[in-house]
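What follows is work25.pdb (PDB, C-alpha atoms, pLDDT in the B column).
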```pdb
ATOM      1  CA  MET A   1     -48.655 -76.256 -55.528  1.00 49.00           C
ATOM      2  CA  ALA A   2     -47.529 -76.131 -51.885  1.00 48.00           C
ATOM      3  CA  ALA A   3     -44.169 -77.675 -52.821  1.00 52.00           C
ATOM      4  CA  ASN A   4     -43.544 -74.958 -55.354  1.00 57.00           C
ATOM      5  CA  VAL A   5     -44.337 -72.271 -52.806  1.00 51.00           C
ATOM      6  CA  LEU A   6     -41.922 -73.784 -50.245  1.00 53.00           C
ATOM      7  CA  ALA A   7     -39.261 -74.105 -52.919  1.00 56.00           C
ATOM      8  CA  ASN A   8     -39.319 -70.352 -53.480  1.00 58.00           C
ATOM      9  CA  GLU A   9     -38.965 -69.545 -49.702  1.00 57.00           C
ATOM     10  CA  ASN A  10     -35.492 -68.947 -48.169  1.00 59.00           C
ATOM     11  CA  ILE A  11     -35.745 -71.540 -45.366  1.00 61.00           C
ATOM     12  CA  TRP A  12     -32.818 -73.563 -44.018  1.00 66.00           C
ATOM     13  CA  PHE A  13     -34.489 -76.892 -43.383  1.00 68.00           C
ATOM     14  CA  ASP A  14     -31.231 -78.737 -42.577  1.00 73.00           C
ATOM     15  CA  LYS A  15     -29.920 -76.288 -39.936  1.00 75.00           C
ATOM     16  CA  CYS A  16     -30.179 -78.834 -37.132  1.00 77.00           C
ATOM     17  CA  LYS A  17     -27.849 -81.191 -38.986  1.00 79.00           C
ATOM     18  CA  TYR A  18     -25.239 -78.488 -39.408  1.00 80.00           C
ATOM     19  CA  ASP A  19     -25.511 -77.561 -35.710  1.00 81.00           C
ATOM     20  CA  ASP A  20     -24.870 -81.152 -34.703  1.00 82.00           C
ATOM     21  CA  ALA A  21     -21.879 -81.353 -37.020  1.00 83.00           C
ATOM     22  CA  GLU A  22     -20.409 -78.116 -35.623  1.00 83.00           C
ATOM     23  CA  MET A  23     -20.811 -79.347 -32.032  1.00 85.00           C
ATOM     24  CA  LYS A  24     -19.021 -82.604 -32.875  1.00 85.00           C
ATOM     25  CA  TYR A  25     -16.226 -80.657 -34.556  1.00 84.00           C
ATOM     26  CA  TYR A  26     -15.594 -78.433 -31.547  1.00 82.00           C
ATOM     27  CA  SER A  27     -15.797 -81.338 -29.135  1.00 82.00           C
ATOM     28  CA  GLN A  28     -13.181 -83.250 -31.114  1.00 81.00           C
ATOM     29  CA  MET A  29     -10.990 -80.147 -31.259  1.00 79.00           C
ATOM     30  CA  HIS A  30     -11.247 -79.709 -27.496  1.00 73.00           C
ATOM     31  CA  ASP A  31     -10.258 -83.335 -26.928  1.00 69.00           C
ATOM     32  CA  SER A  32      -7.198 -82.952 -29.182  1.00 62.00           C
ATOM     33  CA  VAL A  33      -5.909 -79.658 -27.489  1.00 51.00           C
ATOM     34  CA  PRO A  34      -3.787 -80.138 -24.299  1.00 53.00           C
ATOM     35  CA  ALA A  35      -5.166 -78.731 -21.060  1.00 50.00           C
ATOM     36  CA  ASP A  36      -2.248 -76.274 -20.554  1.00 51.00           C
ATOM     37  CA  THR A  37      -2.566 -74.749 -24.046  1.00 50.00           C
ATOM     38  CA  PRO A  38      -3.813 -71.120 -23.758  1.00 48.00           C
ATOM     39  CA  VAL A  39      -6.918 -70.281 -25.722  1.00 46.00           C
ATOM     40  CA  GLN A  40      -6.391 -67.228 -27.943  1.00 46.00           C
ATOM     41  CA  ASN A  41      -9.975 -66.328 -28.604  1.00 46.00           C
ATOM     42  CA  THR A  42     -12.833 -67.547 -26.421  1.00 44.00           C
ATOM     43  CA  ALA A  43     -15.528 -65.511 -28.060  1.00 43.00           C
ATOM     44  CA  TRP A  44     -16.302 -68.169 -30.630  1.00 46.00           C
ATOM     45  CA  ASN A  45     -15.757 -71.289 -28.434  1.00 49.00           C
ATOM     46  CA  PRO A  46     -18.799 -73.366 -27.603  1.00 48.00           C
ATOM     47  CA  PRO A  47     -19.880 -73.932 -23.992  1.00 49.00           C
ATOM     48  CA  ALA A  48     -17.866 -77.128 -23.857  1.00 43.00           C
ATOM     49  CA  THR A  49     -14.563 -75.361 -24.541  1.00 45.00           C
ATOM     50  CA  GLN A  50     -15.271 -72.479 -22.182  1.00 51.00           C
ATOM     51  CA  SER A  51     -14.871 -74.814 -19.238  1.00 49.00           C
ATOM     52  CA  ALA A  52     -11.096 -74.566 -19.852  1.00 45.00           C
ATOM     53  CA  LEU A  53     -11.214 -70.967 -18.751  1.00 48.00           C
ATOM     54  CA  GLN A  54     -12.708 -71.705 -15.369  1.00 53.00           C
ATOM     55  CA  GLY A  55      -9.282 -71.412 -13.797  1.00 52.00           C
ATOM     56  CA  GLY A  56      -9.164 -67.675 -14.700  1.00 56.00           C
ATOM     57  CA  ASP A  57     -12.707 -67.019 -13.553  1.00 68.00           C
ATOM     58  CA  GLY A  58     -11.598 -66.944  -9.915  1.00 71.00           C
ATOM     59  CA  GLU A  59      -9.358 -63.900 -10.498  1.00 80.00           C
ATOM     60  CA  LEU A  60     -12.095 -62.228 -12.522  1.00 81.00           C
ATOM     61  CA  CYS A  61     -14.622 -62.863  -9.759  1.00 82.00           C
ATOM     62  CA  ALA A  62     -12.222 -61.410  -7.195  1.00 84.00           C
ATOM     63  CA  ARG A  63     -11.825 -58.250  -9.270  1.00 85.00           C
ATOM     64  CA  VAL A  64     -15.585 -57.977  -9.732  1.00 86.00           C
ATOM     65  CA  THR A  65     -16.057 -58.339  -5.977  1.00 87.00           C
ATOM     66  CA  THR A  66     -13.509 -55.601  -5.341  1.00 88.00           C
ATOM     67  CA  LEU A  67     -15.215 -53.302  -7.822  1.00 89.00           C
ATOM     68  CA  GLU A  68     -18.579 -53.982  -6.195  1.00 88.00           C
ATOM     69  CA  LYS A  69     -17.162 -53.056  -2.791  1.00 88.00           C
ATOM     70  CA  GLU A  70     -15.673 -49.866  -4.181  1.00 89.00           C
ATOM     71  CA  ASN A  71     -18.958 -49.056  -5.893  1.00 89.00           C
ATOM     72  CA  LEU A  72     -20.780 -49.605  -2.592  1.00 88.00           C
ATOM     73  CA  GLY A  73     -18.347 -47.242  -0.832  1.00 89.00           C
ATOM     74  CA  LEU A  74     -18.879 -44.604  -3.512  1.00 91.00           C
ATOM     75  CA  HIS A  75     -22.610 -44.953  -3.115  1.00 89.00           C
ATOM     76  CA  LYS A  76     -22.240 -44.326   0.612  1.00 90.00           C
ATOM     77  CA  GLU A  77     -20.082 -41.215   0.036  1.00 91.00           C
ATOM     78  CA  VAL A  78     -22.563 -39.877  -2.503  1.00 92.00           C
ATOM     79  CA  GLU A  79     -25.377 -40.452  -0.035  1.00 91.00           C
ATOM     80  CA  LYS A  80     -23.446 -38.517   2.646  1.00 91.00           C
ATOM     81  CA  LEU A  81     -22.868 -35.650   0.218  1.00 92.00           C
ATOM     82  CA  ARG A  82     -26.554 -35.587  -0.673  1.00 91.00           C
ATOM     83  CA  LEU A  83     -27.462 -35.471   3.005  1.00 91.00           C
ATOM     84  CA  THR A  84     -25.019 -32.618   3.656  1.00 92.00           C
ATOM     85  CA  LEU A  85     -26.317 -30.726   0.630  1.00 91.00           C
ATOM     86  CA  SER A  86     -29.894 -31.109   1.811  1.00 90.00           C
ATOM     87  CA  LYS A  87     -28.913 -29.750   5.234  1.00 91.00           C
ATOM     88  CA  LEU A  88     -27.207 -26.754   3.620  1.00 91.00           C
ATOM     89  CA  GLU A  89     -30.239 -26.078   1.463  1.00 91.00           C
ATOM     90  CA  LEU A  90     -32.441 -26.216   4.551  1.00 90.00           C
ATOM     91  CA  ARG A  91     -30.213 -23.764   6.432  1.00 89.00           C
ATOM     92  CA  LEU A  92     -30.055 -21.454   3.427  1.00 89.00           C
ATOM     93  CA  SER A  93     -33.820 -21.439   3.078  1.00 88.00           C
ATOM     94  CA  THR A  94     -34.133 -20.690   6.811  1.00 88.00           C
ATOM     95  CA  VAL A  95     -31.739 -17.737   6.537  1.00 88.00           C
ATOM     96  CA  GLU A  96     -33.543 -16.399   3.473  1.00 86.00           C
ATOM     97  CA  GLU A  97     -36.859 -16.643   5.268  1.00 84.00           C
ATOM     98  CA  SER A  98     -35.456 -14.797   8.297  1.00 83.00           C
ATOM     99  CA  LEU A  99     -34.014 -12.059   6.098  1.00 83.00           C
ATOM    100  CA  GLY A 100     -37.158 -11.881   4.051  1.00 69.00           C
ATOM    101  CA  GLY A 101     -39.244 -11.528   7.196  1.00 56.00           C
ATOM    102  CA  SER A 102     -37.105  -8.610   8.494  1.00 52.00           C
ATOM    103  CA  LYS A 103     -37.229  -6.598   5.280  1.00 49.00           C
ATOM    104  CA  PRO A 104     -40.845  -5.387   5.589  1.00 48.00           C
ATOM    105  CA  ALA A 105     -40.005  -3.883   9.005  1.00 50.00           C
ATOM    106  CA  VAL A 106     -37.661  -1.364   7.329  1.00 48.00           C
ATOM    107  CA  CYS A 107     -39.873   1.325   5.892  1.00 51.00           C
ATOM    108  CA  PRO A 108     -38.399   4.834   6.008  1.00 53.00           C
ATOM    109  CA  PRO A 109     -41.327   7.243   5.692  1.00 54.00           C
ATOM    110  CA  ALA A 110     -39.081  10.223   6.500  1.00 55.00           C
ATOM    111  CA  PRO A 111     -38.690  11.513   2.889  1.00 52.00           C
ATOM    112  CA  THR A 112     -42.475  11.639   2.388  1.00 51.00           C
ATOM    113  CA  ARG A 113     -42.901  13.607   5.627  1.00 52.00           C
ATOM    114  CA  ALA A 114     -40.170  16.093   4.704  1.00 47.00           C
ATOM    115  CA  GLN A 115     -41.863  17.043   1.432  1.00 49.00           C
ATOM    116  CA  PRO A 116     -44.637  19.208   2.935  1.00 48.00           C
ATOM    117  CA  ALA A 117     -42.073  21.036   5.083  1.00 48.00           C
ATOM    118  CA  ALA A 118     -40.023  21.817   1.965  1.00 47.00           C
ATOM    119  CA  GLN A 119     -43.084  22.982   0.067  1.00 50.00           C
ATOM    120  CA  GLN A 120     -44.378  25.146   2.899  1.00 51.00           C
ATOM    121  CA  PRO A 121     -42.145  28.187   2.135  1.00 49.00           C
ATOM    122  CA  VAL A 122     -43.373  28.073  -1.462  1.00 48.00           C
ATOM    123  CA  GLU A 123     -46.995  28.242  -0.378  1.00 50.00           C
ATOM    124  CA  ASP A 124     -46.408  30.880   2.301  1.00 50.00           C
ATOM    125  CA  GLY A 125     -44.222  33.180   0.242  1.00 49.00           C
ATOM    126  CA  ASP A 126     -45.276  36.293   2.181  1.00 50.00           C
ATOM    127  CA  ASP A 127     -43.420  35.111   5.292  1.00 52.00           C
ATOM    128  CA  ASP A 128     -40.044  35.503   3.544  1.00 53.00           C
ATOM    129  CA  ILE A 129     -40.483  39.254   3.134  1.00 54.00           C
ATOM    130  CA  ASP A 130     -38.489  41.096   5.818  1.00 53.00           C
ATOM    131  CA  LEU A 131     -40.123  44.512   6.185  1.00 51.00           C
ATOM    132  CA  PHE A 132     -37.578  45.810   8.702  1.00 53.00           C
ATOM    133  CA  GLY A 133     -34.399  44.555   7.016  1.00 52.00           C
ATOM    134  CA  SER A 134     -32.439  41.355   7.552  1.00 57.00           C
ATOM    135  CA  SER A 135     -30.147  40.752  10.491  1.00 62.00           C
ATOM    136  CA  ASP A 136     -27.498  39.319   8.172  1.00 69.00           C
ATOM    137  CA  GLU A 137     -26.203  42.815   7.419  1.00 75.00           C
ATOM    138  CA  GLU A 138     -25.683  43.544  11.115  1.00 77.00           C
ATOM    139  CA  ASP A 139     -23.846  40.229  11.570  1.00 79.00           C
ATOM    140  CA  SER A 140     -21.562  40.964   8.632  1.00 84.00           C
ATOM    141  CA  ARG A 141     -20.763  44.420   9.986  1.00 86.00           C
ATOM    142  CA  GLU A 142     -19.974  43.022  13.405  1.00 87.00           C
ATOM    143  CA  SER A 143     -17.690  40.332  11.968  1.00 88.00           C
ATOM    144  CA  GLU A 144     -15.934  42.938   9.821  1.00 88.00           C
ATOM    145  CA  ARG A 145     -15.356  45.149  12.851  1.00 88.00           C
ATOM    146  CA  VAL A 146     -13.961  42.242  14.863  1.00 90.00           C
ATOM    147  CA  ARG A 147     -11.625  41.287  12.026  1.00 90.00           C
ATOM    148  CA  GLU A 148     -10.285  44.844  11.684  1.00 90.00           C
ATOM    149  CA  GLU A 149      -9.737  45.043  15.446  1.00 90.00           C
ATOM    150  CA  ARG A 150      -7.745  41.808  15.446  1.00 89.00           C
ATOM    151  CA  LEU A 151      -5.630  43.004  12.508  1.00 89.00           C
ATOM    152  CA  ARG A 152      -4.869  46.249  14.321  1.00 87.00           C
ATOM    153  CA  GLN A 153      -3.835  44.406  17.480  1.00 86.00           C
ATOM    154  CA  TYR A 154      -1.593  42.102  15.450  1.00 85.00           C
ATOM    155  CA  ALA A 155       0.079  45.074  13.746  1.00 84.00           C
ATOM    156  CA  VAL A 156       0.744  46.761  17.113  1.00 83.00           C
ATOM    157  CA  LYS A 157       2.166  43.571  18.581  1.00 80.00           C
ATOM    158  CA  LYS A 158       4.386  43.034  15.581  1.00 76.00           C
ATOM    159  CA  SER A 159       5.712  46.605  15.715  1.00 75.00           C
ATOM    160  CA  ASN A 160       6.602  46.249  19.415  1.00 72.00           C
ATOM    161  CA  LYS A 161       8.519  43.042  18.798  1.00 68.00           C
ATOM    162  CA  PRO A 162      12.286  43.707  18.670  1.00 67.00           C
ATOM    163  CA  ALA A 163      13.797  43.151  15.280  1.00 66.00           C
ATOM    164  CA  LEU A 164      16.457  40.490  14.839  1.00 74.00           C
ATOM    165  CA  VAL A 165      19.902  42.125  14.772  1.00 78.00           C
ATOM    166  CA  ALA A 166      22.463  40.552  12.454  1.00 86.00           C
ATOM    167  CA  LYS A 167      25.860  40.217  14.115  1.00 90.00           C
ATOM    168  CA  SER A 168      29.269  38.916  13.074  1.00 92.00           C
ATOM    169  CA  SER A 169      32.318  37.643  14.932  1.00 92.00           C
ATOM    170  CA  ILE A 170      35.609  38.971  13.546  1.00 93.00           C
ATOM    171  CA  LEU A 171      39.163  37.876  14.384  1.00 93.00           C
ATOM    172  CA  LEU A 172      41.734  40.575  13.566  1.00 94.00           C
ATOM    173  CA  ASP A 173      45.505  40.232  13.132  1.00 94.00           C
ATOM    174  CA  VAL A 174      47.228  43.503  14.153  1.00 93.00           C
ATOM    175  CA  LYS A 175      50.919  43.512  13.129  1.00 92.00           C
ATOM    176  CA  PRO A 176      53.559  45.858  14.692  1.00 93.00           C
ATOM    177  CA  TRP A 177      56.533  47.494  12.946  1.00 91.00           C
ATOM    178  CA  ASP A 178      59.275  45.473  14.640  1.00 90.00           C
ATOM    179  CA  ASP A 179      60.183  43.476  17.710  1.00 89.00           C
ATOM    180  CA  GLU A 180      60.768  46.661  19.725  1.00 89.00           C
ATOM    181  CA  THR A 181      57.147  47.778  19.526  1.00 90.00           C
ATOM    182  CA  ASP A 182      55.343  47.812  22.881  1.00 91.00           C
ATOM    183  CA  MET A 183      52.583  45.233  22.319  1.00 91.00           C
ATOM    184  CA  GLY A 184      50.802  46.183  25.545  1.00 92.00           C
ATOM    185  CA  LYS A 185      50.527  49.753  24.401  1.00 92.00           C
ATOM    186  CA  LEU A 186      49.417  48.561  20.958  1.00 91.00           C
ATOM    187  CA  GLU A 187      46.569  46.526  22.448  1.00 92.00           C
ATOM    188  CA  GLU A 188      45.551  49.446  24.607  1.00 92.00           C
ATOM    189  CA  CYS A 189      45.344  51.670  21.536  1.00 92.00           C
ATOM    190  CA  VAL A 190      43.271  49.104  19.659  1.00 93.00           C
ATOM    191  CA  ARG A 191      40.762  48.839  22.492  1.00 93.00           C
ATOM    192  CA  THR A 192      40.359  52.621  22.539  1.00 92.00           C
ATOM    193  CA  VAL A 193      38.505  52.315  19.231  1.00 92.00           C
ATOM    194  CA  VAL A 194      34.857  52.674  20.279  1.00 91.00           C
ATOM    195  CA  MET A 195      31.853  52.423  17.934  1.00 90.00           C
ATOM    196  CA  ASP A 196      28.130  51.825  18.314  1.00 90.00           C
ATOM    197  CA  GLY A 197      27.609  48.069  17.823  1.00 89.00           C
ATOM    198  CA  LEU A 198      31.275  47.116  18.521  1.00 92.00           C
ATOM    199  CA  VAL A 199      32.288  44.863  21.435  1.00 93.00           C
ATOM    200  CA  TRP A 200      35.908  43.835  21.966  1.00 93.00           C
ATOM    201  CA  GLY A 201      36.683  40.325  23.139  1.00 92.00           C
ATOM    202  CA  ALA A 202      39.710  38.233  24.100  1.00 93.00           C
ATOM    203  CA  SER A 203      43.168  38.755  22.653  1.00 92.00           C
ATOM    204  CA  LYS A 204      46.548  37.030  22.529  1.00 92.00           C
ATOM    205  CA  LEU A 205      50.063  37.476  21.124  1.00 92.00           C
ATOM    206  CA  VAL A 206      51.060  35.119  18.331  1.00 92.00           C
ATOM    207  CA  PRO A 207      54.733  34.773  17.260  1.00 92.00           C
ATOM    208  CA  VAL A 208      55.440  35.676  13.649  1.00 89.00           C
ATOM    209  CA  GLY A 209      59.233  35.306  13.365  1.00 87.00           C
ATOM    210  CA  TYR A 210      62.531  36.977  14.239  1.00 87.00           C
ATOM    211  CA  GLY A 211      61.171  37.809  17.684  1.00 88.00           C
ATOM    212  CA  ILE A 212      58.214  39.710  16.258  1.00 91.00           C
ATOM    213  CA  LYS A 213      54.709  38.962  17.590  1.00 91.00           C
ATOM    214  CA  LYS A 214      51.302  40.006  16.278  1.00 92.00           C
ATOM    215  CA  LEU A 215      48.182  40.831  18.235  1.00 92.00           C
ATOM    216  CA  GLN A 216      45.187  38.569  17.587  1.00 93.00           C
ATOM    217  CA  ILE A 217      42.027  40.148  18.989  1.00 93.00           C
ATOM    218  CA  GLN A 218      38.364  39.069  18.832  1.00 93.00           C
ATOM    219  CA  CYS A 219      35.400  41.397  18.426  1.00 93.00           C
ATOM    220  CA  VAL A 220      31.649  41.193  17.762  1.00 94.00           C
ATOM    221  CA  VAL A 221      30.007  43.810  15.559  1.00 93.00           C
ATOM    222  CA  GLU A 222      26.498  44.592  14.343  1.00 90.00           C
ATOM    223  CA  ASP A 223      26.452  44.286  10.573  1.00 88.00           C
ATOM    224  CA  ASP A 224      24.230  47.319  10.053  1.00 87.00           C
ATOM    225  CA  LYS A 225      26.424  49.610  12.189  1.00 88.00           C
ATOM    226  CA  VAL A 226      30.051  48.467  11.930  1.00 89.00           C
ATOM    227  CA  GLY A 227      32.029  47.244   8.936  1.00 88.00           C
ATOM    228  CA  THR A 228      35.528  45.796   8.541  1.00 88.00           C
ATOM    229  CA  ASP A 229      36.707  48.897   6.668  1.00 90.00           C
ATOM    230  CA  GLN A 230      35.737  51.093   9.621  1.00 90.00           C
ATOM    231  CA  LEU A 231      37.633  48.809  12.008  1.00 90.00           C
ATOM    232  CA  GLU A 232      40.775  48.843   9.891  1.00 90.00           C
ATOM    233  CA  GLU A 233      40.615  52.611   9.532  1.00 91.00           C
ATOM    234  CA  GLY A 234      40.148  53.144  13.286  1.00 91.00           C
ATOM    235  CA  ILE A 235      43.083  50.834  14.184  1.00 92.00           C
ATOM    236  CA  THR A 236      45.597  51.912  11.527  1.00 91.00           C
ATOM    237  CA  LYS A 237      45.407  55.519  12.688  1.00 91.00           C
ATOM    238  CA  PHE A 238      47.841  54.512  15.436  1.00 91.00           C
ATOM    239  CA  GLU A 239      50.775  54.647  13.031  1.00 90.00           C
ATOM    240  CA  ASP A 240      53.449  54.576  15.735  1.00 90.00           C
ATOM    241  CA  TYR A 241      52.448  51.043  16.773  1.00 90.00           C
ATOM    242  CA  VAL A 242      50.405  49.493  13.951  1.00 92.00           C
ATOM    243  CA  GLN A 243      51.860  48.456  10.625  1.00 91.00           C
ATOM    244  CA  SER A 244      48.779  46.657   9.170  1.00 91.00           C
ATOM    245  CA  VAL A 245      45.460  45.032  10.076  1.00 93.00           C
ATOM    246  CA  ASP A 246      44.142  41.806   8.476  1.00 92.00           C
ATOM    247  CA  VAL A 247      40.875  39.899   8.966  1.00 92.00           C
ATOM    248  CA  ALA A 248      41.867  36.378  10.041  1.00 91.00           C
ATOM    249  CA  ALA A 249      38.306  35.001  10.460  1.00 92.00           C
ATOM    250  CA  PHE A 250      34.779  36.251   9.822  1.00 91.00           C
ATOM    251  CA  ASN A 251      31.727  34.340  11.095  1.00 91.00           C
ATOM    252  CA  LYS A 252      28.052  35.159  11.369  1.00 87.00           C
ATOM    253  CA  VAL A 253      26.610  34.974  14.863  1.00 79.00           C
TER     254      VAL A 253
END
```

Now that the file is in, can you turn its structure into structure tokens?
Amino acid sequence: MAANVLANENIWFDKCKYDDAEMKYYSQMHDSVPADTPVQNTAWNPPATQSALQGGDGELCARVTTLEKENLGLHKEVEKLRLTLSKLELRLSTVEESLGGSKPAVCPPAPTRAQPAAQQPVEDGDDDIDLFGSSDEEDSRESERVREERLRQYAVKKSNKPALVAKSSILLDVKPWDDETDMGKLEECVRTVVMDGLVWGASKLVPVGYGIKKLQIQCVVEDDKVGTDQLEEGITKFEDYVQSVDVAAFNKV
């Protein structure tokens, strides 16, 4: 009965034999492989064959040592950062406490005190009644009088100020009949022309040709009183000496 029960169970009774056979197989394989032959896959090698890789373990150990040193350095840096952060948090909490402690000191009660003063005129409405008239009307009348007085003074000052007189500078060319004309007498006749707002200036004789010279004379006139037509008419009346009069230049002064 017990044999039948064990026959139905999935038990590998001979596993130890197969393990011994596998170990012998790998040991024989290791003895047949040269020492300098690289091992392609060491994951499935038994402990006996892994001894061939001890030559590369030194480099691996060196790299592990280097990584451990770097890890230790990183741990130190992280610890420094944590310490700095804790200091900053402590300072921040101190500042917040100092600011929080100063806030209750600021309490402006001024708006609450101003409310009764603003409501007082509403309660005492009889005080706003001016039985004898307000003084604002007198102030407005006084300011109006002062303004009118200043306007009057400005108008008087402006009327007394001399008006700007527009003047012009004119250069005239007075031509004689011929070379026998007495130019001195001609200039004398021209200067005898007198008008209000006319001032004669310098003069000179300018050759024209064939021994004939013309008289060039400067004058300043007031535009509102003297015109070029009046000048030409006053000079050309001396027919014995003057042939024609031309305006050579006209400039505003």

Assuming the chain letters and numbering stay as they are in my file, what does the PyMOL selection byres ((chain A and resi 207-210) around 12) actually select? List them as an MDAnalysis selection string. chainID A and resid 173:180 183 204:206 211:216

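Proximity to A:Leu231 was assessed for A:Ala155, A:Leu172, A:Ala202, A:Leu99 counting all atoms listed in the file; the smallest distance is recorded for A:Leu172.
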
Within 10 Å of A:Glu232, counting only C-alpha atoms, which residues qualify if same-chain residues fewer than 2 places away don't, as an MDAnalysis selection string? chainID A and resid 172 174 227:230 234:237 244:247

Grab the atom CA of A:Val146 to atom CA of A:Asn160 distance for me, in Å with one decimal place.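 Atom CA of A:Asn160 lies 21.4 Å from atom CA of A:Val146.
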
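Across the structure, atom CA of A:Phe250 and atom CA of A:Glu222 are spaced 12.6 Å apart.
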
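Every protein or nucleic acid residue with an atom no more than 9 Å from A:Lys225, counting all atoms listed in the file and leaving out same-chain residues fewer than 2 positions away, appears here: Met195, Asp196, Gly197, Leu198, Val221, Glu222, Asp223 and Gly227 of chain A.
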
A straight line from atom CA of A:Glu187 to atom CA of A:Lys167 spans 23.2 Å

What does the PyMOL selection byres ((chain A and resi 171) around 6) select in this file, as an MDAnalysis selection string? chainID A and resid 170 172 217:218 248:249

Each side padded by 6 Å, which centre and which edge lengths in Å (one decimal) define the axis-aligned box around the listed atoms of stretch 58-75 of chain A? Give them as AutoDock Vina command-line options.
```
--center_x -16.0 --center_y -55.8 --center_z -6.7 --size_x 25.3 --size_y 34.3 --size_z 23.7
```
